[in-house]
Each structure stands twice: as structure tokens, then as C-alpha cells.
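Asker: Shown below is the structure under consideration.
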Amino acid sequence: MHTPLEHAHVLVTGATGFVGQAVVEKLLFSYPTTRVTVLIRPRGDLTAQRRAEKLLRKPVFRRWRESVGEENAAAEFTRRVQVLPGDLEDVPELPGDLDLVIHSASSVSFDLPVDEAFAANVAGPVRLYERLLASGSDPHVVHVSTSYVAGLRKGVAEERSLDHEVDYAAELDSALRARTEAEAASRRPEVLDPLLRAADSEHRRAGPRAVAAAAEAARVDWVREQLVSHGRTRAQSLGWPDVYTFTKAMGERVAE
């Protein structure tokens, strides 16, 4: 029986994540004629290709490795899987013959600084789908979201377009400006003075350089705390429990 995935070209984001690994394994195991492109970010000394190859050692791929033979797995993976170095902050040019896109990459922390959460879960999809439109491909798109994007409400929340009027573009713009604003505020005397006094009280014996280093570290921590609080408070003010579910809901608007 013919399936829509026979001989299809599938792009998967978030392939190194919990959901993405299972998706890639399923494509390899159940659809042997399917080609897969994975968007993977290089990390430290590990290239994107090396990170992809390391996936093969994960338990989730055991079934597929055994089906093709352990000795053939690496070569078969290279034949069927194209690794595209990059991430949602800098999406590279995408292939022009994609049949399906499965976007599962996201940041899943409930308490990220507001700019980081929006960069991953809202600006990321914007860049991905802009690249997709520019590629000339016209694939079916599966945008993986999360439970609870309906926010703080009573009753049944059906799995459909979310009922809200929040302007995701305005929220994204505000969130991305928040760090600049917090950094500027952190350098004002009314913020620096108590941080400096606390650093002096704890590190005076170590000398002025130690005091200055401690005060600067405290300032950096202050900025992060402000941005985390900003994200949580803004989410709750609009009816979401945290910045994660808030940004994932905004990401759904991007997909729409």
C-alpha cells in the first residue's frame, strides 16, 4: 500500500531532542525510502554531523540498527540522512524539494529569561518558516506545540486554533528589547549601590578587585532575575502560567 511518506523528503528540527529522536528513528525504520534532513546546531568541538552520528548510539535507535545490521548502520544513516548545520537563530538555506517539515525544536524551560524564550519559541519559527517560503518547497508542515498552551482557564480546551487576541509580533519585539533595557537599568546607581555594598561586605579582605568582580557578577545575576521575572509576569498578565506555555502559544500564531 502506498503511503504519503514513500520516497518523501522530510525536514526535522529538534532531532537531538526527546521527541525528535523518536521521530527520526520512526522515519528510518518504518519508511525505508524516505530521505531525512535534520537541522542540528554544532556544539563546542562537536560538528553538527558528529552530533547526528552520536544519535545512533542512543537506545531509541537500537531497533533500526538491528534491522539494517549494526555493521551497516553508520553507512545507511549517512546515505539517508542529510545533516544541515544551523539552528533557529540562524536557519540556513533549506532544500527546495521538501515534502514534509516536522518542527519540534524549542526551549522547554519554564523559567527562561523572556528574551531567550521568545528567541527560541517565537523568533525561531519565524525564521524557519521564512526560510521555508524562500526555498520554493510547498510541504505539509507539522508544528509540534505543547499541552497547556490554552493557558489558565476552566473547562475543556479543544485542540484547535487558540482563542486569544495577543499580538505575537508586538510581544516578540518587546521581549527582544527587554535585555537591553535590563542591562541599562542594571548600571544605574540605585541598582549598583546595594550590589556593591554587599560585595564589599563579603569580599573586602580580598581587595578592591575581588569586590569589583563580585559586584559585576551580582549585576549579571540581577539582569537574569529581572528577565526571568519579566517573562513570568507578562505571561501571567495575559493568562498563561509561565513563559514556556506563553511563547509556545505565540509560536502557534507564527505557524498559522
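How things are named: the first chain in the C-alpha cells is A, the next is B, and so on; residues count from 1 in each chain; ligands count from 1 in the order shown.
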Which residues of region 183-202 of chain A come within 6 Å of region 208-232 of chain A, and for each one, what is the closest pair of atoms and their distance in Å to one decimal, counting only C-alpha atoms, sorted by chain and residue number, as a Markdown table?

Answerer:
| residue | atom | partner | partner_atom | distance |
| --- | --- | --- | --- | --- |
| A:Leu195 | CA | A:Ala215 | CA | 5.6 |
| A:Leu196 | CA | A:Ala215 | CA | 5.1 |
| A:Ala199 | CA | A:Val211 | CA | 5.3 |
| A:Asp200 | CA | A:Val211 | CA | 5.3 |

Asker: Skipping near chain neighbours, those fewer than 3 positions away, what residues fall within 8 Å of His140 (chain A) using only C-alpha atoms, listed as a list in words?

Answerer: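 The neighbour list is Asp99, Leu100 and Val101 of chain A.
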
Asker: Would you export the selected residues with N, CA, C and O atoms as an mmCIF file, in the first residue's frame, please?

Answerer:
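Written output follows (again_8.cif):
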data_model
loop_
_atom_site.group_PDB
_atom_site.id
_atom_site.type_symbol
_atom_site.label_atom_id
_atom_site.label_comp_id
_atom_site.auth_asym_id
_atom_site.auth_seq_id
_atom_site.Cartn_x
_atom_site.Cartn_y
_atom_site.Cartn_z
ATOM 1 N N ASP A 99 8.907 17.587 1.165
ATOM 2 C CA ASP A 99 7.517 17.138 1.148
ATOM 3 C C ASP A 99 6.846 17.289 2.507
ATOM 4 O O ASP A 99 5.625 17.399 2.600
ATOM 5 N N LEU A 100 7.658 17.270 3.562
ATOM 6 C CA LEU A 100 7.124 17.338 4.917
ATOM 7 C C LEU A 100 8.138 18.013 5.824
ATOM 8 O O LEU A 100 9.341 17.759 5.722
ATOM 9 N N VAL A 101 7.666 18.903 6.693
ATOM 10 C CA VAL A 101 8.501 19.526 7.721
ATOM 11 C C VAL A 101 7.906 19.190 9.081
ATOM 12 O O VAL A 101 6.704 19.411 9.309
#

Asker: So, counting only C-alpha atoms, which residue among A:Arg177, A:Arg205, A:Arg62, A:Arg43 is closest to Gly86 (chain A)?

Answerer: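 Under the stated criterion, the closest residue is A:Arg43.
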
Asker: Could you give me, as a list in words, the residues within 9 Å of Gln82 (chain A), counting only C-alpha atoms and dropping anything in the same chain fewer than 5 positions from it?

Answerer: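 So, after excluding close chain neighbours, the residues are Arg35, Val36, Thr37, Val38, Leu39, Gln49 and Phe77 of chain A.
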
Asker: So, counting only C-alpha atoms, which residue among A:Leu162, A:Ala15, A:Leu152, A:Val10 is closest to Ser137 (chain A)?

Answerer: A:Val10

Asker: Sorted by chain and rising residue number, list the residues of region 178-252 of chain A at most 7 Å from region 118-129 of chain A (counting only C-alpha atoms), each with its closest atom pair and distance in Å to one decimal, as JSON lines.

Answerer:
{"residue": "A:Thr247", "atom": "CA", "partner": "A:Asn121", "partner_atom": "CA", "distance": 5.7}
{"residue": "A:Lys248", "atom": "CA", "partner": "A:Asn121", "partner_atom": "CA", "distance": 5.9}
{"residue": "A:Met250", "atom": "CA", "partner": "A:Val122", "partner_atom": "CA", "distance": 6.2}
{"residue": "A:Gly251", "atom": "CA", "partner": "A:Val122", "partner_atom": "CA", "distance": 4.7}

Asker: Which one of A:Ser201, A:Ser237, A:Asn72, A:Thr245 sits closest to Leu112 (chain A) if you count only C-alpha atoms?

Answerer: A:Thr245

Asker: Enumerate the residues of region 68-158 of chain A with a DSSP assignment of alpha helix (DSSP H), computed from the backbone, and present them as an MDAnalysis selection string.

Answerer: chainID A and resid 68 73:80 114:118 124:135
